[in-house]
Amino acid sequence: MDHRSVQLSRCLFLSMRPIFNGTPIASVDALARSLSLSAQQLRTLAGAVSGHYRDFDIPKRDGSFRTVSGPTEELKIIQRRINRHIFERVQYPSYLFGSIKERNYVQNARSHSRAHVIVAMDVENFFPSIKREAVLNIFKNLFRFPQEVASLLADLCTKDGHVPQGACTSSYIANLALHDIEHRLVSNLRHEGLIYSRLTDDISISSPHPLAKKRIESLVVQVAEMLKCKGFKPKRRKTKVTSKNNSAELMEVTGLWLNLGEPRVKRDERASIRTEVRRCIRESKVERTSPEFHKLHDRTSGRVAMLSQLKHREANRFRVALRLCAPLYSPIEIKRTQKIVAAVCKTPLRSRETAVYIQRFYQARYRVNIVSRTDPKLAKELHARLSSHVPKMKKEEAIYG
């Protein structure tokens with residue numbers, strides 16, 4: 001292999017690792033400034049961070065429960081500033097998906113669209129298994145932050161010694177949990193023509209050609225050994241192998257099936273969406289102004305949007321049906337909208353760059369759009385009033401800098 005080929009191979013290998021492109025944070029004072037805190041406020045919050053969460057259980061499909069830890073508003077703002085100034089400035093390798101711009105579960109599934117065989121694995125108790133020490137090492141070794149800076153950041157991103165599911169920073173840390181070993185496995189697999197991807201704790205490996213049973217078994221072992229290096233282990237009962245040779249079984253990646261090549265919503269999910277659309281149509285004939293109908297319609301619209309994104313034929317028909325039964329406001333809610341617009345327009349100039357004002361402005365605009373369905377003349381007047389009070393910055397900029 002000549003020198004140029006060696007250099008190219010090295011560049012390709014390095015591109016498989018996450019790279020921090022931001023400005024190094026060299027001191028606690030610099031970290032505090034980037035988070036819009038004083039050094040004392042930063043240390044105080046980091047020292048009592050576990051008290052800034054509220055735990056609640058959400059049901060899983062198998063009937064068990066998952067504990068989710070929701071941060072307080074104060075901690076949530078700081079964690080989102082950490083995302084903005086640190087995690088969002090990482091160049092993530094192409095095999096990672098989730099919480100990365102234009103890399104959601106659909107793109108993850110699409111990366112396996114040429115699959116003949118898919119090996120799907122889950123990591124067991126992924127978030128609780130990412131310990132504070134591992135987070136500390138990410139900030140020290142990947143970001144090259146000094147010990148005290150890395151330690152404070154590790155405290156702000158963990159709860160009771162591990163990464164909590166529900167914190168704003170957790171999905172980014174999940175992406176980086178294997179930052180110094182994952183690329184080796186990916187490189188080896190690519191040399192074989194295999195595709196590897198990971199969306200948080202869902203690992204998928206696909207091959208465009210048939211694989212021998214022995215090779216599939218060795219793939220599972222390779223992934224398990226990689227996970228073991230970082231204190232993780234796969235859910236054995238969730239490891240699934242599917243193939244085009246068995247048309248009776250769906251080839252699935254992160255909830256989407258791939259038997260026809262492009263990612264598609266599964267048949268039972270499409271049936272559920274169709275049922276919800278029909279329910280919207282039915283209930284709209286009785287009551288279109290209730291909060292319950294507004295919620296039902298919003299939820300169903302979101303599910304239909306997913307069908308549109310995946311180019312399902314029925315999506316356009318569903319969108320038309322939902323448009324014809326869109327939620328309306330009662331006279332009381334229309335008057336309330338007028339009061340909200342009036343309050344927005346009375347806001348002093350000095351207060352129009354706050355997150356609260358920005359949120360109220362866009363809430364008012366959203367409500368006026370609903371008013372336009374029954375009283376377009378009034379809606380036009382309200383929009384005209386709002387047009388001279390448009391915020392000069394986005395809500396995220398007002399909160400996170």
# chains A, B, ... in the order shown; residues from 1 in each chain; ligands from 1

call {"tool": "select_by_dssp", "arguments": {"residues": "segment 56-90 of chain A", "states": "strand (DSSP E or B)", "output": "count of residues only"}}
result
12

call {"tool": "residues_around", "arguments": {"residues": "Met306 of chain A", "least_positions_apart": "5", "cutoff": "10 Å", "atoms": "only C-alpha atoms", "output": "ChimeraX atom specification"}}
result
/A:106,264-265,300-301,311-312,315

call {"tool": "residues_around", "arguments": {"residues": "segment 160-173 of chain A", "least_positions_apart": "6", "cutoff": "7 Å", "atoms": "only C-alpha atoms", "output": "mmCIF file with N, CA and C atoms, in the first residue's frame"}}
result
data_model
loop_
_atom_site.group_PDB
_atom_site.id
_atom_site.type_symbol
_atom_site.label_atom_id
_atom_site.label_comp_id
_atom_site.auth_asym_id
_atom_site.auth_seq_id
_atom_site.Cartn_x
_atom_site.Cartn_y
_atom_site.Cartn_z
ATOM 1 N N SER A 50 -28.635 15.937 42.369
ATOM 2 C CA SER A 50 -29.609 14.837 42.466
ATOM 3 C C SER A 50 -30.954 15.299 43.015
ATOM 4 N N VAL A 68 -38.031 7.262 34.657
ATOM 5 C CA VAL A 68 -37.529 8.443 33.953
ATOM 6 C C VAL A 68 -37.348 9.556 34.976
ATOM 7 N N SER A 69 -36.227 10.260 34.890
ATOM 8 C CA SER A 69 -35.919 11.342 35.828
ATOM 9 C C SER A 69 -35.998 12.673 35.096
ATOM 10 N N GLY A 70 -36.993 13.479 35.436
ATOM 11 C CA GLY A 70 -37.161 14.782 34.791
ATOM 12 C C GLY A 70 -36.455 15.867 35.578
ATOM 13 N N PRO A 71 -35.545 16.629 34.954
ATOM 14 C CA PRO A 71 -34.841 17.697 35.672
ATOM 15 C C PRO A 71 -35.747 18.891 35.951
ATOM 16 N N LYS A 76 -32.620 21.978 33.828
ATOM 17 C CA LYS A 76 -32.888 21.754 32.402
ATOM 18 C C LYS A 76 -32.224 22.839 31.548
ATOM 19 N N GLN A 79 -28.455 22.200 31.497
ATOM 20 C CA GLN A 79 -28.123 21.044 30.662
ATOM 21 C C GLN A 79 -28.260 21.376 29.180
ATOM 22 N N ARG A 80 -29.247 22.176 28.822
ATOM 23 C CA ARG A 80 -29.393 22.555 27.410
ATOM 24 C C ARG A 80 -28.278 23.503 26.977
ATOM 25 N N ASN A 83 -25.487 21.210 26.209
ATOM 26 C CA ASN A 83 -25.699 20.659 24.860
ATOM 27 C C ASN A 83 -25.254 21.655 23.792
ATOM 28 N N PHE A 87 -21.923 19.471 23.481
ATOM 29 C CA PHE A 87 -22.318 18.263 22.745
ATOM 30 C C PHE A 87 -22.725 18.544 21.297
ATOM 31 N N SER A 99 -30.748 12.310 18.510
ATOM 32 C CA SER A 99 -30.315 13.599 19.064
ATOM 33 C C SER A 99 -29.235 14.260 18.223
ATOM 34 N N PHE A 127 -28.838 3.324 30.212
ATOM 35 C CA PHE A 127 -28.560 4.571 30.927
ATOM 36 C C PHE A 127 -28.050 4.333 32.351
ATOM 37 N N PRO A 128 -28.709 3.469 33.149
ATOM 38 C CA PRO A 128 -28.177 3.225 34.497
ATOM 39 C C PRO A 128 -26.775 2.624 34.495
ATOM 40 N N SER A 129 -26.390 1.996 33.381
ATOM 41 C CA SER A 129 -25.063 1.368 33.306
ATOM 42 C C SER A 129 -23.962 2.352 32.934
ATOM 43 N N ILE A 130 -24.331 3.577 32.545
ATOM 44 C CA ILE A 130 -23.310 4.601 32.260
ATOM 45 C C ILE A 130 -23.021 5.332 33.569
ATOM 46 N N LYS A 131 -21.931 4.990 34.192
ATOM 47 C CA LYS A 131 -21.602 5.520 35.515
ATOM 48 C C LYS A 131 -20.934 6.896 35.419
ATOM 49 N N ARG A 132 -20.926 7.592 36.550
ATOM 50 C CA ARG A 132 -20.315 8.928 36.593
ATOM 51 C C ARG A 132 -18.861 8.890 36.141
ATOM 52 N N THR A 200 -28.981 5.150 20.244
ATOM 53 C CA THR A 200 -28.969 5.035 21.705
ATOM 54 C C THR A 200 -28.566 3.621 22.117
#

call {"tool": "residues_around", "arguments": {"residues": "Lys244 of chain A", "least_positions_apart": "3", "cutoff": "7 Å", "atoms": "only C-alpha atoms", "output": "VMD selection string"}}
result
chain A and resid 116 to 117 247 259

call {"tool": "write_last_selection", "arguments": {"atoms": "N, CA and C atoms", "output": "compact mmCIF listing (two decimals), in the first residue's frame"}}
result
# COMPACT_ATOMS: atom_id res chain seq x y z
N HIS A 116 -30.04 -7.76 3.32
CA HIS A 116 -30.57 -9.11 3.09
C HIS A 116 -30.74 -9.81 4.43
N VAL A 117 -29.84 -9.50 5.37
CA VAL A 117 -29.89 -10.04 6.73
C VAL A 117 -29.71 -8.89 7.71
N SER A 247 -39.84 -14.54 4.34
CA SER A 247 -40.78 -13.44 4.10
C SER A 247 -41.88 -13.36 5.14
N ASN A 259 -38.65 -4.90 4.58
CA ASN A 259 -38.76 -5.99 3.60
C ASN A 259 -38.84 -5.50 2.15

call {"tool": "residues_around", "arguments": {"residues": "Leu42 of chain A", "least_positions_apart": "3", "cutoff": "12 Å", "atoms": "only C-alpha atoms", "output": "list in words"}}
result
Val28, Asp29, Ala30, Leu31, Ala32, Arg33, Ser34, Leu35, Ser36, Leu37, Ser38, Ala39, Leu45, Ala46, Gly47, Ala48, Val49, Glu74, Leu75, Ile78, Gln79, Glu148, Val149, Ser151, Leu152, Leu153, Asp155 and Leu156 of chain A

call {"tool": "atom_distance", "arguments": {"atom1": "atom CA of Glu217 of chain A", "atom2": "atom CA of Ile205 of chain A"}}
result
12.2 Å

call {"tool": "residues_around", "arguments": {"residues": "segment 121-125 of chain A", "least_positions_apart": "3", "cutoff": "10 Å", "atoms": "only C-alpha atoms", "output": "ChimeraX atom specification"}}
result
/A:66,118,128-130,198-205,220,223-224,227,232-241,253

call {"tool": "residues_around", "arguments": {"residues": "segment 333-344 of chain A", "least_positions_apart": "6", "cutoff": "9 Å", "atoms": "only C-alpha atoms", "output": "PyMOL selection string"}}
result
chain A and resi 289+357+360-361+363-365+367-368+370-371+382-383+385-386+389

call {"tool": "closest_residue", "arguments": {"among": "A:Ile216, A:Arg299, A:Val356, A:Lys285", "to": "Thr242 of chain A", "atoms": "only C-alpha atoms"}}
result
A:Ile216

call {"tool": "closest_residue", "arguments": {"among": "A:Gln91, A:Ser308, A:Ser243, A:Gln41", "to": "Ala212 of chain A", "atoms": "only C-alpha atoms"}}
result
A:Ser243

call {"tool": "atom_distance", "arguments": {"atom1": "atom CA of Ile332 of chain A", "atom2": "atom CA of Ala384 of chain A"}}
result
21.6 Å

call {"tool": "closest_residue", "arguments": {"among": "A:Ile77, A:Val390, A:Phe65, A:Leu328", "to": "Asn369 of chain A", "atoms": "only C-alpha atoms"}}
result
A:Leu328

call {"tool": "closest_residue", "arguments": {"among": "A:Lys214, A:Lys159, A:Arg319, A:His183", "to": "His297 of chain A", "atoms": "only C-alpha atoms"}}
result
A:Arg319

call {"tool": "atom_distance", "arguments": {"atom1": "atom CA of His294 of chain A", "atom2": "atom CA of Phe318 of chain A"}}
result
16.6 Å

call {"tool": "select_by_dssp", "arguments": {"residues": "segment 50-152 of chain A", "states": "alpha helix (DSSP H)", "output": "PDB file with N, CA and C atoms, in the first residue's frame"}}
result
ATOM      1  N   GLU A  73     -36.648  22.929  36.087  1.00  0.00           N
ATOM      2  CA  GLU A  73     -36.439  23.930  35.028  1.00  0.00           C
ATOM      3  C   GLU A  73     -35.041  24.542  35.120  1.00  0.00           C
ATOM      4  N   GLU A  74     -34.575  24.786  36.345  1.00  0.00           N
ATOM      5  CA  GLU A  74     -33.235  25.375  36.527  1.00  0.00           C
ATOM      6  C   GLU A  74     -32.153  24.473  35.940  1.00  0.00           C
ATOM      7  N   LEU A  75     -32.204  23.188  36.282  1.00  0.00           N
ATOM      8  CA  LEU A  75     -31.197  22.250  35.783  1.00  0.00           C
ATOM      9  C   LEU A  75     -31.371  22.013  34.283  1.00  0.00           C
ATOM     10  N   LYS A  76     -32.620  21.978  33.828  1.00  0.00           N
ATOM     11  CA  LYS A  76     -32.888  21.754  32.402  1.00  0.00           C
ATOM     12  C   LYS A  76     -32.224  22.839  31.548  1.00  0.00           C
ATOM     13  N   ILE A  77     -32.317  24.093  31.995  1.00  0.00           N
ATOM     14  CA  ILE A  77     -31.703  25.197  31.253  1.00  0.00           C
ATOM     15  C   ILE A  77     -30.193  25.017  31.180  1.00  0.00           C
ATOM     16  N   ILE A  78     -29.570  24.651  32.303  1.00  0.00           N
ATOM     17  CA  ILE A  78     -28.113  24.463  32.332  1.00  0.00           C
ATOM     18  C   ILE A  78     -27.709  23.294  31.441  1.00  0.00           C
ATOM     19  N   GLN A  79     -28.455  22.200  31.497  1.00  0.00           N
ATOM     20  CA  GLN A  79     -28.123  21.044  30.662  1.00  0.00           C
ATOM     21  C   GLN A  79     -28.260  21.376  29.180  1.00  0.00           C
ATOM     22  N   ARG A  80     -29.247  22.176  28.822  1.00  0.00           N
ATOM     23  CA  ARG A  80     -29.393  22.555  27.410  1.00  0.00           C
ATOM     24  C   ARG A  80     -28.278  23.503  26.977  1.00  0.00           C
ATOM     25  N   ARG A  81     -27.778  24.299  27.902  1.00  0.00           N
ATOM     26  CA  ARG A  81     -26.601  25.123  27.578  1.00  0.00           C
ATOM     27  C   ARG A  81     -25.371  24.235  27.381  1.00  0.00           C
ATOM     28  N   ILE A  82     -25.252  23.178  28.172  1.00  0.00           N
ATOM     29  CA  ILE A  82     -24.158  22.214  27.973  1.00  0.00           C
ATOM     30  C   ILE A  82     -24.273  21.587  26.585  1.00  0.00           C
ATOM     31  N   ASN A  83     -25.487  21.210  26.209  1.00  0.00           N
ATOM     32  CA  ASN A  83     -25.699  20.659  24.860  1.00  0.00           C
ATOM     33  C   ASN A  83     -25.254  21.655  23.792  1.00  0.00           C
ATOM     34  N   ARG A  84     -25.689  22.891  23.953  1.00  0.00           N
ATOM     35  CA  ARG A  84     -25.438  23.922  22.927  1.00  0.00           C
ATOM     36  C   ARG A  84     -23.948  24.222  22.774  1.00  0.00           C
ATOM     37  N   HIS A  85     -23.235  24.325  23.907  1.00  0.00           N
ATOM     38  CA  HIS A  85     -21.834  24.751  23.874  1.00  0.00           C
ATOM     39  C   HIS A  85     -20.844  23.595  23.787  1.00  0.00           C
ATOM     40  N   TYR A 105     -34.651   8.099  13.863  1.00  0.00           N
ATOM     41  CA  TYR A 105     -34.865   6.659  13.717  1.00  0.00           C
ATOM     42  C   TYR A 105     -35.172   6.266  12.274  1.00  0.00           C
ATOM     43  N   VAL A 106     -35.729   7.211  11.495  1.00  0.00           N
ATOM     44  CA  VAL A 106     -36.016   6.914  10.085  1.00  0.00           C
ATOM     45  C   VAL A 106     -34.712   6.790   9.300  1.00  0.00           C
ATOM     46  N   GLN A 107     -33.801   7.757   9.482  1.00  0.00           N
ATOM     47  CA  GLN A 107     -32.512   7.686   8.791  1.00  0.00           C
ATOM     48  C   GLN A 107     -31.718   6.465   9.236  1.00  0.00           C
ATOM     49  N   ASN A 108     -31.863   6.110  10.519  1.00  0.00           N
ATOM     50  CA  ASN A 108     -31.185   4.910  11.012  1.00  0.00           C
ATOM     51  C   ASN A 108     -31.668   3.679  10.257  1.00  0.00           C
ATOM     52  N   ALA A 109     -32.973   3.525  10.146  1.00  0.00           N
ATOM     53  CA  ALA A 109     -33.520   2.381   9.407  1.00  0.00           C
ATOM     54  C   ALA A 109     -33.117   2.437   7.937  1.00  0.00           C
ATOM     55  N   ARG A 110     -33.129   3.642   7.369  1.00  0.00           N
ATOM     56  CA  ARG A 110     -32.802   3.797   5.942  1.00  0.00           C
ATOM     57  C   ARG A 110     -31.362   3.375   5.638  1.00  0.00           C
ATOM     58  N   PHE A 126     -29.252   0.433  29.695  1.00  0.00           N
ATOM     59  CA  PHE A 126     -28.170   1.236  29.127  1.00  0.00           C
ATOM     60  C   PHE A 126     -27.847   2.470  29.961  1.00  0.00           C
ATOM     61  N   PHE A 127     -28.838   3.324  30.212  1.00  0.00           N
ATOM     62  CA  PHE A 127     -28.560   4.571  30.927  1.00  0.00           C
ATOM     63  C   PHE A 127     -28.050   4.333  32.351  1.00  0.00           C
ATOM     64  N   PRO A 128     -28.709   3.469  33.149  1.00  0.00           N
ATOM     65  CA  PRO A 128     -28.177   3.225  34.497  1.00  0.00           C
ATOM     66  C   PRO A 128     -26.775   2.624  34.495  1.00  0.00           C
ATOM     67  N   SER A 129     -26.390   1.996  33.381  1.00  0.00           N
ATOM     68  CA  SER A 129     -25.063   1.368  33.306  1.00  0.00           C
ATOM     69  C   SER A 129     -23.962   2.352  32.934  1.00  0.00           C
ATOM     70  N   ARG A 132     -20.926   7.592  36.550  1.00  0.00           N
ATOM     71  CA  ARG A 132     -20.315   8.928  36.593  1.00  0.00           C
ATOM     72  C   ARG A 132     -18.861   8.890  36.141  1.00  0.00           C
ATOM     73  N   GLU A 133     -18.132   7.850  36.531  1.00  0.00           N
ATOM     74  CA  GLU A 133     -16.719   7.733  36.157  1.00  0.00           C
ATOM     75  C   GLU A 133     -16.562   7.706  34.637  1.00  0.00           C
ATOM     76  N   ALA A 134     -17.491   7.023  33.955  1.00  0.00           N
ATOM     77  CA  ALA A 134     -17.437   6.962  32.488  1.00  0.00           C
ATOM     78  C   ALA A 134     -17.704   8.337  31.881  1.00  0.00           C
ATOM     79  N   VAL A 135     -18.647   9.075  32.463  1.00  0.00           N
ATOM     80  CA  VAL A 135     -18.951  10.427  31.977  1.00  0.00           C
ATOM     81  C   VAL A 135     -17.749  11.346  32.205  1.00  0.00           C
ATOM     82  N   LEU A 136     -17.132  11.224  33.366  1.00  0.00           N
ATOM     83  CA  LEU A 136     -15.923  12.003  33.671  1.00  0.00           C
ATOM     84  C   LEU A 136     -14.843  11.743  32.624  1.00  0.00           C
ATOM     85  N   ASN A 137     -14.653  10.481  32.281  1.00  0.00           N
ATOM     86  CA  ASN A 137     -13.625  10.125  31.294  1.00  0.00           C
ATOM     87  C   ASN A 137     -13.947  10.667  29.904  1.00  0.00           C
ATOM     88  N   GLN A 147      -9.354  18.373  34.859  1.00  0.00           N
ATOM     89  CA  GLN A 147     -10.036  17.531  35.844  1.00  0.00           C
ATOM     90  C   GLN A 147     -11.212  18.236  36.512  1.00  0.00           C
ATOM     91  N   GLU A 148     -11.013  19.461  37.008  1.00  0.00           N
ATOM     92  CA  GLU A 148     -12.078  20.124  37.758  1.00  0.00           C
ATOM     93  C   GLU A 148     -13.268  20.469  36.859  1.00  0.00           C
ATOM     94  N   VAL A 149     -12.992  20.904  35.636  1.00  0.00           N
ATOM     95  CA  VAL A 149     -14.069  21.198  34.679  1.00  0.00           C
ATOM     96  C   VAL A 149     -14.832  19.922  34.344  1.00  0.00           C
ATOM     97  N   ALA A 150     -14.087  18.856  34.045  1.00  0.00           N
ATOM     98  CA  ALA A 150     -14.711  17.572  33.705  1.00  0.00           C
ATOM     99  C   ALA A 150     -15.545  17.043  34.861  1.00  0.00           C
ATOM    100  N   SER A 151     -15.047  17.226  36.085  1.00  0.00           N
ATOM    101  CA  SER A 151     -15.749  16.721  37.266  1.00  0.00           C
ATOM    102  C   SER A 151     -17.072  17.455  37.481  1.00  0.00           C
ATOM    103  N   LEU A 152     -17.074  18.781  37.326  1.00  0.00           N
ATOM    104  CA  LEU A 152     -18.312  19.546  37.481  1.00  0.00           C
ATOM    105  C   LEU A 152     -19.327  19.170  36.402  1.00  0.00           C
TER     106      LEU A 152
END
